[in-house]
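One structure is given below, encoded as structure tokens.
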Amino acid sequence: MSDLTPPSEAELRSGLRDKTVIVTGGSQGIGFAIAHSCVSSGATVIIGDINSDTGEKAATELGNNTLFVKCDVSKWSDQLHLFSKAISHSPKKRLDVMVCNAGINPEMIFFNAPDDKERAEAQTQVKFNYLADEMDGDELARPPSTILDINLLGVIYGVKLAVHHMKKFGGGRIIVTGSAASYIGMSPQDVYCASKHAVLGLVRATSQKPELEQNNIAIGLIAPWLTETAMTSSVYQPYTKGAPRSSPSDVAAAVGMLAVRDREQVNGKAIWVQGKTYIEVEDTVAKCYQPMIKSAD
């Protein structure tokens, strides 16, 4: 594995100027940093976010090239509306880059809870711990599907819509925000890990679809380690002692690589982000199964 170098400001401007970009979950944290980088490089950005207050604030801060559209990514109708508004707002009536970034992690409460009592209470509730023995009347309570609805189904919807529209426009780039949790288990974030493993599988399989190659569409994933956002603000000690932490702008730089570089360099790739270190992971993984494919032939 070799370290990657983020694109320069000039490379970003060359690749993103006059392009139209959708960023879900773009009002805060990593999503806002991605939106900011794209606007700074001359793109028109549409932020899709469920939070109207932060979404409107973000769009105002980023300026005239930004539109906020309220969107619950787990709802197909909301994403249909988001894409319709984005293309209508686009100066060229097209979509060039889709960043499927929206996600949640309620299981993070085990790291962020202020005291042992709150953590112990969370352990008994299925919305935080899917193995909890919480009861619903006389029956064992069903774990909610919210994490998968947003983190996985929301990405499936976004990828489908992006491919549908990009086929009309001669290509584009789709970027999925995964996580270090796309590769490693992080209990007690069990269902979150499952969702991030799932989007990695989705990217791997979708990258092989012939219609992507035929229409110059690439799909890739970023896999950030802990990033300094509001969600992770209380996580760092003792769980991450000594580990490099990324800023949202560090993660946005990885998105920039996938957004502006040639299709053959980015399709099906995943960039691990840790501090300011960027490593492409999928080529190494592929070396494990390529001998098996050859032997099967």
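Identifiers for the structure tokens are assigned positionally: chains receive A, B, ... in sequence, residues are indexed from 1 per chain, and ligands are indexed from 1 in the order shown.
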If you count only C-alpha atoms, which residues fall within 8 Å of Leu80 (chain A), apart from same-chain ones fewer than 4 positions away, as a short mmCIF file (atom, residue, chain, number, x, y, z; two decimals) with all heavy atoms, in the first residue's frame?
data_model
loop_
_atom_site.label_atom_id
_atom_site.label_comp_id
_atom_site.auth_asym_id
_atom_site.auth_seq_id
_atom_site.Cartn_x
_atom_site.Cartn_y
_atom_site.Cartn_z
N TRP A 76 -37.44 7.46 -0.25
CA TRP A 76 -37.27 7.53 -1.71
C TRP A 76 -37.85 8.83 -2.27
O TRP A 76 -37.24 9.48 -3.12
CB TRP A 76 -37.92 6.32 -2.35
CG TRP A 76 -37.90 6.28 -3.85
CD1 TRP A 76 -38.97 6.38 -4.69
CD2 TRP A 76 -36.75 6.09 -4.68
NE1 TRP A 76 -38.56 6.28 -5.99
CE2 TRP A 76 -37.21 6.10 -6.03
CE3 TRP A 76 -35.39 5.93 -4.44
CZ2 TRP A 76 -36.34 5.94 -7.11
CZ3 TRP A 76 -34.52 5.77 -5.52
CH2 TRP A 76 -35.00 5.78 -6.84
N SER A 84 -34.33 16.18 -8.30
CA SER A 84 -35.07 17.08 -9.18
C SER A 84 -34.68 18.53 -8.95
O SER A 84 -34.42 19.29 -9.90
CB SER A 84 -36.58 16.89 -8.96
OG SER A 84 -37.32 17.80 -9.74
N LEU A 161 -30.21 6.78 -8.11
CA LEU A 161 -30.63 8.04 -8.75
C LEU A 161 -29.46 8.70 -9.47
O LEU A 161 -29.63 9.27 -10.56
CB LEU A 161 -31.23 8.97 -7.70
CG LEU A 161 -32.66 8.61 -7.28
CD1 LEU A 161 -33.02 9.29 -5.96
CD2 LEU A 161 -33.65 9.02 -8.36
#
Given only C-alpha atoms, how would the per-residue table for region 177-229 of chain A near region 242-262 of chain A read, listing every residue at most 9 Å away with its closest atom pair and distance in Å to one decimal, sorted by chain and number, as JSON lines?
{"residue": "A:Thr177", "atom": "CA", "partner": "A:Val255", "partner_atom": "CA", "distance": 8.7}
{"residue": "A:Ala218", "atom": "CA", "partner": "A:Leu258", "partner_atom": "CA", "distance": 8.5}
{"residue": "A:Ile219", "atom": "CA", "partner": "A:Leu258", "partner_atom": "CA", "distance": 8.1}
{"residue": "A:Gly220", "atom": "CA", "partner": "A:Leu258", "partner_atom": "CA", "distance": 6.6}
{"residue": "A:Leu221", "atom": "CA", "partner": "A:Leu258", "partner_atom": "CA", "distance": 8.1}
{"residue": "A:Ile222", "atom": "CA", "partner": "A:Ala254", "partner_atom": "CA", "distance": 6.7}
{"residue": "A:Ala223", "atom": "CA", "partner": "A:Val251", "partner_atom": "CA", "distance": 8.7}
{"residue": "A:Pro224", "atom": "CA", "partner": "A:Val251", "partner_atom": "CA", "distance": 6.6}
{"residue": "A:Trp225", "atom": "CA", "partner": "A:Arg245", "partner_atom": "CA", "distance": 7.1}
{"residue": "A:Leu226", "atom": "CA", "partner": "A:Arg245", "partner_atom": "CA", "distance": 5.7}
{"residue": "A:Thr227", "atom": "CA", "partner": "A:Ser246", "partner_atom": "CA", "distance": 4.6}
{"residue": "A:Glu228", "atom": "CA", "partner": "A:Ser247", "partner_atom": "CA", "distance": 5.3}
{"residue": "A:Thr229", "atom": "CA", "partner": "A:Pro248", "partner_atom": "CA", "distance": 7.2}
Keeping only N, CA and C atoms, write those residues as a compact mmCIF listing (two decimals), in the first residue's frame.
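Here's the written file result_29.txt:
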# COMPACT_ATOMS: atom_id res chain seq x y z
N THR A 177 -19.47 7.90 1.63
CA THR A 177 -18.74 8.02 2.89
C THR A 177 -18.92 6.74 3.68
N ALA A 218 -17.95 6.59 -12.36
CA ALA A 218 -17.10 5.91 -11.39
C ALA A 218 -17.73 6.01 -10.01
N ILE A 219 -17.53 4.96 -9.21
CA ILE A 219 -17.99 4.98 -7.82
C ILE A 219 -16.83 4.56 -6.92
N GLY A 220 -16.67 5.28 -5.82
CA GLY A 220 -15.61 4.98 -4.87
C GLY A 220 -16.06 5.30 -3.46
N LEU A 221 -15.21 4.96 -2.50
CA LEU A 221 -15.57 5.11 -1.09
C LEU A 221 -14.42 5.73 -0.32
N ILE A 222 -14.76 6.54 0.67
CA ILE A 222 -13.76 7.01 1.62
C ILE A 222 -13.99 6.30 2.94
N ALA A 223 -12.90 5.99 3.63
CA ALA A 223 -12.98 5.25 4.89
C ALA A 223 -12.21 6.01 5.96
N PRO A 224 -12.84 7.04 6.54
CA PRO A 224 -12.13 7.83 7.55
C PRO A 224 -12.03 7.11 8.89
N TRP A 225 -10.89 7.24 9.53
CA TRP A 225 -10.74 6.90 10.94
C TRP A 225 -11.41 8.02 11.72
N LEU A 226 -11.30 8.06 13.02
CA LEU A 226 -12.00 9.07 13.81
C LEU A 226 -11.70 10.48 13.31
N THR A 227 -12.77 11.21 13.09
CA THR A 227 -12.69 12.56 12.56
C THR A 227 -13.28 13.53 13.57
N GLU A 228 -12.71 14.68 13.69
CA GLU A 228 -13.11 15.65 14.72
C GLU A 228 -14.42 16.34 14.34
N THR A 229 -15.52 15.70 14.72
CA THR A 229 -16.85 16.26 14.49
C THR A 229 -17.60 16.28 15.82
Restricting the calculation to only C-alpha atoms: of A:Trp272, A:Arg119, A:Ala113, A:Glu61, which residue gets closest to Ile184 (chain A)?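 Of A:Trp272, A:Arg119, A:Ala113, A:Glu61, the one nearest Ile184 (chain A), counting only C-alpha atoms, is A:Trp272.
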State, in Å with one decimal place, the distance from CA of Lys70 (chain A) to CA of Val45 (chain A). 13.8 Å
When you count only C-alpha atoms, which of these residues is closest to Ala180 (chain A): A:Leu212, A:Val281, A:Met166, A:Met108?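 Smallest separation from Ala180 (chain A) among the options: A:Val281.
Separating CA of Tyr130 (chain A) from CA of Gln79 (chain A) is a distance of 27.8 Å.
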Could you please write out, as a ChimeraX atom specification, every residue of region 3-207 of chain A that DSSP assigns to alpha helix (DSSP H)? /A:9-16,29-40,52-62,76-89,109-112,116-123,146-148,154-169,190-206
Please identify all polymer residues within 8 Å of Thr24 (chain A), counting only C-alpha atoms, omitting same-chain residues fewer than 5 positions from it, and present them as an MDAnalysis selection string. chainID A and resid 31 47:49 73 99:102
Residue with smallest distance to Glu107 (chain A) - pool A:Gly158, A:Glu280, A:Tyr192, A:His89, counting only C-alpha atoms: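 Closest candidate: A:Tyr192.
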Run DSSP on the backbone of this structure and report the residues of region 195-267 of chain A it assigns to strand (DSSP E or B), as a list in words.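 The residues of region 195-267 of chain A classed as strand (DSSP E or B) are Ile217, Ala218, Ile219, Gly220, Leu221, Ile222, Ala223, Pro224, Thr227 and Ser246 of chain A.
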Would you output that residue set with C-alpha atoms, as an mmCIF file, in the first residue's frame?
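Result file selection27.cif:
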data_model
loop_
_atom_site.group_PDB
_atom_site.id
_atom_site.type_symbol
_atom_site.label_atom_id
_atom_site.label_comp_id
_atom_site.auth_asym_id
_atom_site.auth_seq_id
_atom_site.Cartn_x
_atom_site.Cartn_y
_atom_site.Cartn_z
ATOM 1 C CA ILE A 217 -19.428 6.755 -14.261
ATOM 2 C CA ALA A 218 -17.096 5.906 -11.387
ATOM 3 C CA ILE A 219 -17.993 4.979 -7.823
ATOM 4 C CA GLY A 220 -15.610 4.976 -4.870
ATOM 5 C CA LEU A 221 -15.574 5.106 -1.094
ATOM 6 C CA ILE A 222 -13.762 7.013 1.615
ATOM 7 C CA ALA A 223 -12.981 5.246 4.886
ATOM 8 C CA PRO A 224 -12.131 7.832 7.550
ATOM 9 C CA THR A 227 -12.686 12.565 12.557
ATOM 10 C CA SER A 246 -8.538 13.671 10.960
#
Could you jot down the CA of Val97 (chain A) to CA of Arg173 (chain A) separation for me, Å, one decimal place?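 Between CA of Val97 (chain A) and CA of Arg173 (chain A) the gap is 4.8 Å.
When the distance limit is 12 Å and only C-alpha atoms are what count, the residues near Leu140 (chain A), minus those fewer than 4 positions from it on the same chain, are A:Thr124, A:Gln125, A:Val126, A:Tyr130, A:Leu131, A:Ala132, A:Asp133, A:Glu134, A:Met135, A:Asp136.
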Go through region 23-51 of chain A and flag each residue having an atom no more than 7 Å from region 9-19 of chain A; for those, report the closest pair of atoms plus their distance in Å to one decimal, using only C-alpha atoms, ordered by chain and rising number, as JSON lines.
{"residue": "A:Cys38", "atom": "CA", "partner": "A:Leu16", "partner_atom": "CA", "distance": 6.7}
{"residue": "A:Ser41", "atom": "CA", "partner": "A:Arg13", "partner_atom": "CA", "distance": 4.4}
{"residue": "A:Gly42", "atom": "CA", "partner": "A:Arg17", "partner_atom": "CA", "distance": 4.2}
{"residue": "A:Ala43", "atom": "CA", "partner": "A:Lys19", "partner_atom": "CA", "distance": 4.9}
{"residue": "A:Thr44", "atom": "CA", "partner": "A:Lys19", "partner_atom": "CA", "distance": 6.2}
Write a file of the selected residues as a CSV table (one decimal), in the first residue's frame, keeping N, CA and C atoms.
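Done, and the output landed in part37.csv:
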chain,number,residue,atom,x,y,z
A,38,CYS,N,-15.9,22.0,-2.5
A,38,CYS,CA,-16.5,22.0,-3.9
A,38,CYS,C,-16.9,23.4,-4.3
A,41,SER,N,-14.0,25.5,-5.1
A,41,SER,CA,-13.4,25.1,-6.4
A,41,SER,C,-14.2,25.4,-7.6
A,42,GLY,N,-15.3,26.2,-7.4
A,42,GLY,CA,-16.1,26.7,-8.5
A,42,GLY,C,-17.3,25.8,-8.8
A,43,ALA,N,-17.7,24.9,-8.0
A,43,ALA,CA,-18.9,24.0,-8.3
A,43,ALA,C,-20.1,24.6,-7.7
A,44,THR,N,-21.3,24.2,-8.3
A,44,THR,CA,-22.6,24.5,-7.7
A,44,THR,C,-22.9,23.3,-6.8
Find the residue from A:Val159, A:Val39, A:Ile87, A:Ile271 that sits nearest to Gly178 (chain A); use only C-alpha atoms when measuring.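 Of the candidates, the smallest distance to Gly178 (chain A) is held by A:Ile271.
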Determine, counting only C-alpha atoms, which protein, DNA and RNA residues have an atom within 10 Å of an atom of Leu148 (chain A); residues of the same chain fewer than 2 positions away are not included. Present the result as a PyMOL selection string. chain A and resi 74+103-104+144-146+150-155+191-192+194-196+198
Pick from A:Asn65, A:Gln208, A:Gln189, A:Thr60, whichever lies nearest to Ile22 (chain A) using only C-alpha atoms: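 Among the listed residues, the smallest separation from Ile22 (chain A) belongs to A:Asn65.
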